[in-house]
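*Asks:* Submitted below is the structure of interest, expressed as structure tokens.
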Amino acid sequence: MRTPFIAGNWKMFKTVHEAVVYAKEFRSMVKDVAGVEIVVAPTCLAVHAVAEALRNSNVAVAAQDLHWEREGAFTGAVSAPMIKEAGAEFVIIGHSERRRLFGETDEAVNRKLLAALAANLGPIVCVGETLEERDAEQTLAVLDRQLKLGLEGLTADQVADLVIAYEPVWAIGTGKVATAAQAQDAHAHIRGRVRQWFGGTAAERCHIVYGGSVKPDNIGELIQEPDVDGALVGGASLDVKGFSEIVLKSQGTARPGRS
Ligand code: 13P
């Protein structure tokens, strides 16, 4: 059974204090939620404090990025073991903002993915096309390239435990959400590739979540799609009530078709 997976990516928002206030309120708002995997991703500065605030709750913590080396002279970077020790269970890798604004390549994504797995962190690996690529009918080719290079060298068991976030760049922070059908088409394609490259078990078990202008009023429609296993939520996750609503609306959407 694939349990719906809902993660809030706070990007560069919230101080440590603000993040902890949110976490305390959020944990009580979702304490009775069952059957949804819930994750919040604060800045790396707040990972430890938020993990403490969410200890023994049904909400896990993710970091937003990592460096692939364990340690070394890499000013400004943090490593997978450091993130793990600080209390995170997941890490976002290859977000389009990292790719676009910080020059992250598919090869870097792959190194980060392998480092996260080695440290027992659950990767949330992001893929998605730009508007120009969609208009040029390159969407599936872009997804193929990002997945092929990004997942290079992973075992079928590792892929089975992955969360792959399909985030069309044109839908991020624009209010322009992909239609449920557009999301389903891309997700089905991704699952098909996972099946082709890593086998049926990996394809059935891995989570493929959608990201890009997810809000309380569109999550219901998106998550009804058979290959949409949850969401990676940016802007709408900054508001504790709105994010709780998204989580609540995702309850009861695990189904045998997702097993
Ligand atoms: P928005 O929900 O703000 O569009 O951001 C999506 C995203 O980038 C999540 O990682």
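FYI, nothing fancy with the structure tokens labels: chains A, B, ... in order, residues from 1 per chain, ligands from 1 as they appear.
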Select from range 170-203 of chain A every residue with an atom at most 12 Å from any atom of range 126-136 of chain A, then for each give the shortest pair of atoms and their distance in Å to one decimal, using only C-alpha atoms, rows by chain and rising number, as CSV.

*Replies:*
residue,atom,partner,partner_atom,distance
A:Trp170,CA,A:Leu131,CA,5.3
A:Ala171,CA,A:Leu131,CA,8.8
A:Ile172,CA,A:Thr130,CA,10.0
A:Thr174,CA,A:Leu131,CA,11.7
A:Lys176,CA,A:Leu131,CA,11.3
A:Ala178,CA,A:Leu131,CA,11.5
A:Gln182,CA,A:Arg134,CA,11.1
A:Ala183,CA,A:Gly128,CA,10.7
A:Ala186,CA,A:Gly128,CA,9.1
A:His187,CA,A:Gly128,CA,10.6
A:Ile190,CA,A:Val127,CA,9.8

*Asks:* Run DSSP on the backbone of this structure and report the residues of range 4-66 of chain A it assigns to helix (DSSP H, G or I), as a VMD selection string.

*Replies:* chain A and resid 16 to 29 44 to 53

*Asks:* Please save N, CA, C and O atoms of the selected residues as a compact mmCIF listing (two decimals), in the first residue's frame.

*Replies:*
# COMPACT_ATOMS: atom_id res chain seq x y z
N VAL A 16 14.40 30.36 12.98
CA VAL A 16 14.31 29.19 13.87
C VAL A 16 13.10 29.35 14.80
O VAL A 16 12.30 28.42 14.95
N HIS A 17 12.96 30.51 15.36
CA HIS A 17 11.83 30.75 16.28
C HIS A 17 10.49 30.55 15.57
O HIS A 17 9.61 29.84 16.08
N GLU A 18 10.35 31.16 14.42
CA GLU A 18 9.08 31.02 13.68
C GLU A 18 8.81 29.56 13.30
O GLU A 18 7.67 29.09 13.34
N ALA A 19 9.88 28.86 12.95
CA ALA A 19 9.73 27.45 12.53
C ALA A 19 9.27 26.59 13.71
O ALA A 19 8.41 25.71 13.55
N VAL A 20 9.80 26.86 14.88
CA VAL A 20 9.43 26.07 16.07
C VAL A 20 7.99 26.38 16.50
O VAL A 20 7.23 25.47 16.84
N VAL A 21 7.60 27.63 16.42
CA VAL A 21 6.22 28.00 16.76
C VAL A 21 5.26 27.25 15.82
O VAL A 21 4.27 26.65 16.26
N TYR A 22 5.57 27.26 14.55
CA TYR A 22 4.76 26.54 13.55
C TYR A 22 4.70 25.06 13.91
O TYR A 22 3.62 24.45 13.94
N ALA A 23 5.88 24.46 14.16
CA ALA A 23 5.94 23.01 14.39
C ALA A 23 5.08 22.60 15.57
O ALA A 23 4.36 21.59 15.52
N LYS A 24 5.11 23.39 16.63
CA LYS A 24 4.33 23.05 17.83
C LYS A 24 2.83 23.12 17.54
O LYS A 24 2.06 22.27 17.98
N GLU A 25 2.44 24.14 16.81
CA GLU A 25 1.02 24.27 16.48
C GLU A 25 0.59 23.15 15.51
O GLU A 25 -0.45 22.52 15.68
N PHE A 26 1.44 22.92 14.53
CA PHE A 26 1.11 21.93 13.49
C PHE A 26 0.97 20.53 14.09
O PHE A 26 0.05 19.80 13.75
N ARG A 27 1.88 20.15 15.00
CA ARG A 27 1.82 18.78 15.52
C ARG A 27 0.50 18.52 16.22
O ARG A 27 -0.05 17.43 16.13
N SER A 28 -0.03 19.54 16.90
CA SER A 28 -1.31 19.29 17.56
C SER A 28 -2.46 19.30 16.55
O SER A 28 -3.44 18.59 16.72
N MET A 29 -2.32 20.05 15.47
CA MET A 29 -3.40 20.08 14.48
C MET A 29 -3.52 18.77 13.70
O MET A 29 -4.60 18.43 13.24
N CYS A 44 18.08 24.60 6.72
CA CYS A 44 18.94 23.67 7.45
C CYS A 44 19.26 24.20 8.85
O CYS A 44 19.49 23.44 9.78
N LEU A 45 19.20 25.52 8.99
CA LEU A 45 19.46 26.12 10.30
C LEU A 45 18.43 25.69 11.33
O LEU A 45 18.73 25.59 12.52
N ALA A 46 17.21 25.44 10.89
CA ALA A 46 16.11 25.13 11.81
C ALA A 46 15.80 23.64 11.89
O ALA A 46 14.91 23.24 12.65
N VAL A 47 16.52 22.82 11.14
CA VAL A 47 16.21 21.37 11.12
C VAL A 47 16.23 20.78 12.54
O VAL A 47 15.31 20.08 12.96
N HIS A 48 17.27 21.09 13.28
CA HIS A 48 17.42 20.46 14.60
C HIS A 48 16.32 20.89 15.55
O HIS A 48 15.67 20.06 16.20
N ALA A 49 16.07 22.18 15.61
CA ALA A 49 15.05 22.69 16.53
C ALA A 49 13.65 22.18 16.15
O ALA A 49 12.85 21.83 17.03
N VAL A 50 13.38 22.12 14.87
CA VAL A 50 12.06 21.64 14.43
C VAL A 50 11.94 20.14 14.71
O VAL A 50 10.88 19.66 15.16
N ALA A 51 13.01 19.40 14.50
CA ALA A 51 12.98 17.96 14.80
C ALA A 51 12.71 17.74 16.29
O ALA A 51 11.96 16.84 16.67
N GLU A 52 13.30 18.57 17.12
CA GLU A 52 13.05 18.46 18.58
C GLU A 52 11.59 18.77 18.88
O GLU A 52 10.94 18.09 19.67
N ALA A 53 11.08 19.82 18.25
CA ALA A 53 9.69 20.22 18.50
C ALA A 53 8.69 19.17 18.00
O ALA A 53 7.55 19.12 18.48

*Asks:* Determine the nearest neighbour of Lys148 in chain A from the options A:Gln196, A:Gln184, A:Ser57, A:Thr75, counting only C-alpha atoms.

*Replies:*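 Using only C-alpha atoms, Lys148 in chain A sits closest to A:Gln196.
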
*Asks:* Find the distance between CA of Glu245 in chain A and CA of Asn120 in chain A and write it in Å to one decimal.

*Replies:*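 The value is 29.9 Å.
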
*Asks:* Using only C-alpha atoms, pick whichever of A:Thr201, A:Gln251, A:Asn9, A:Thr105 has the shortest atom-to-atom distance to Gly235 in chain A.

*Replies:* A:Asn9

*Asks:* Within 7 Å of ligand 1 (counting only C-alpha atoms and all ligand atoms), which residues show up? I'd like them as a list in words.

*Replies:*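 Residues lying within 7 Å of ligand 1: Asn9, His95, Glu167, Ala171, Ile172, Gly173, Thr174, Gly175, Gly211, Gly212, Ser213, Val214, Leu232, Val233, Gly234, Gly235 and Ala236 of chain A.
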
*Asks:* Just how far from CA of Tyr210 in chain A is CA of Pro123 in chain A, in Å to one decimal?

*Replies:* 15.0 Å
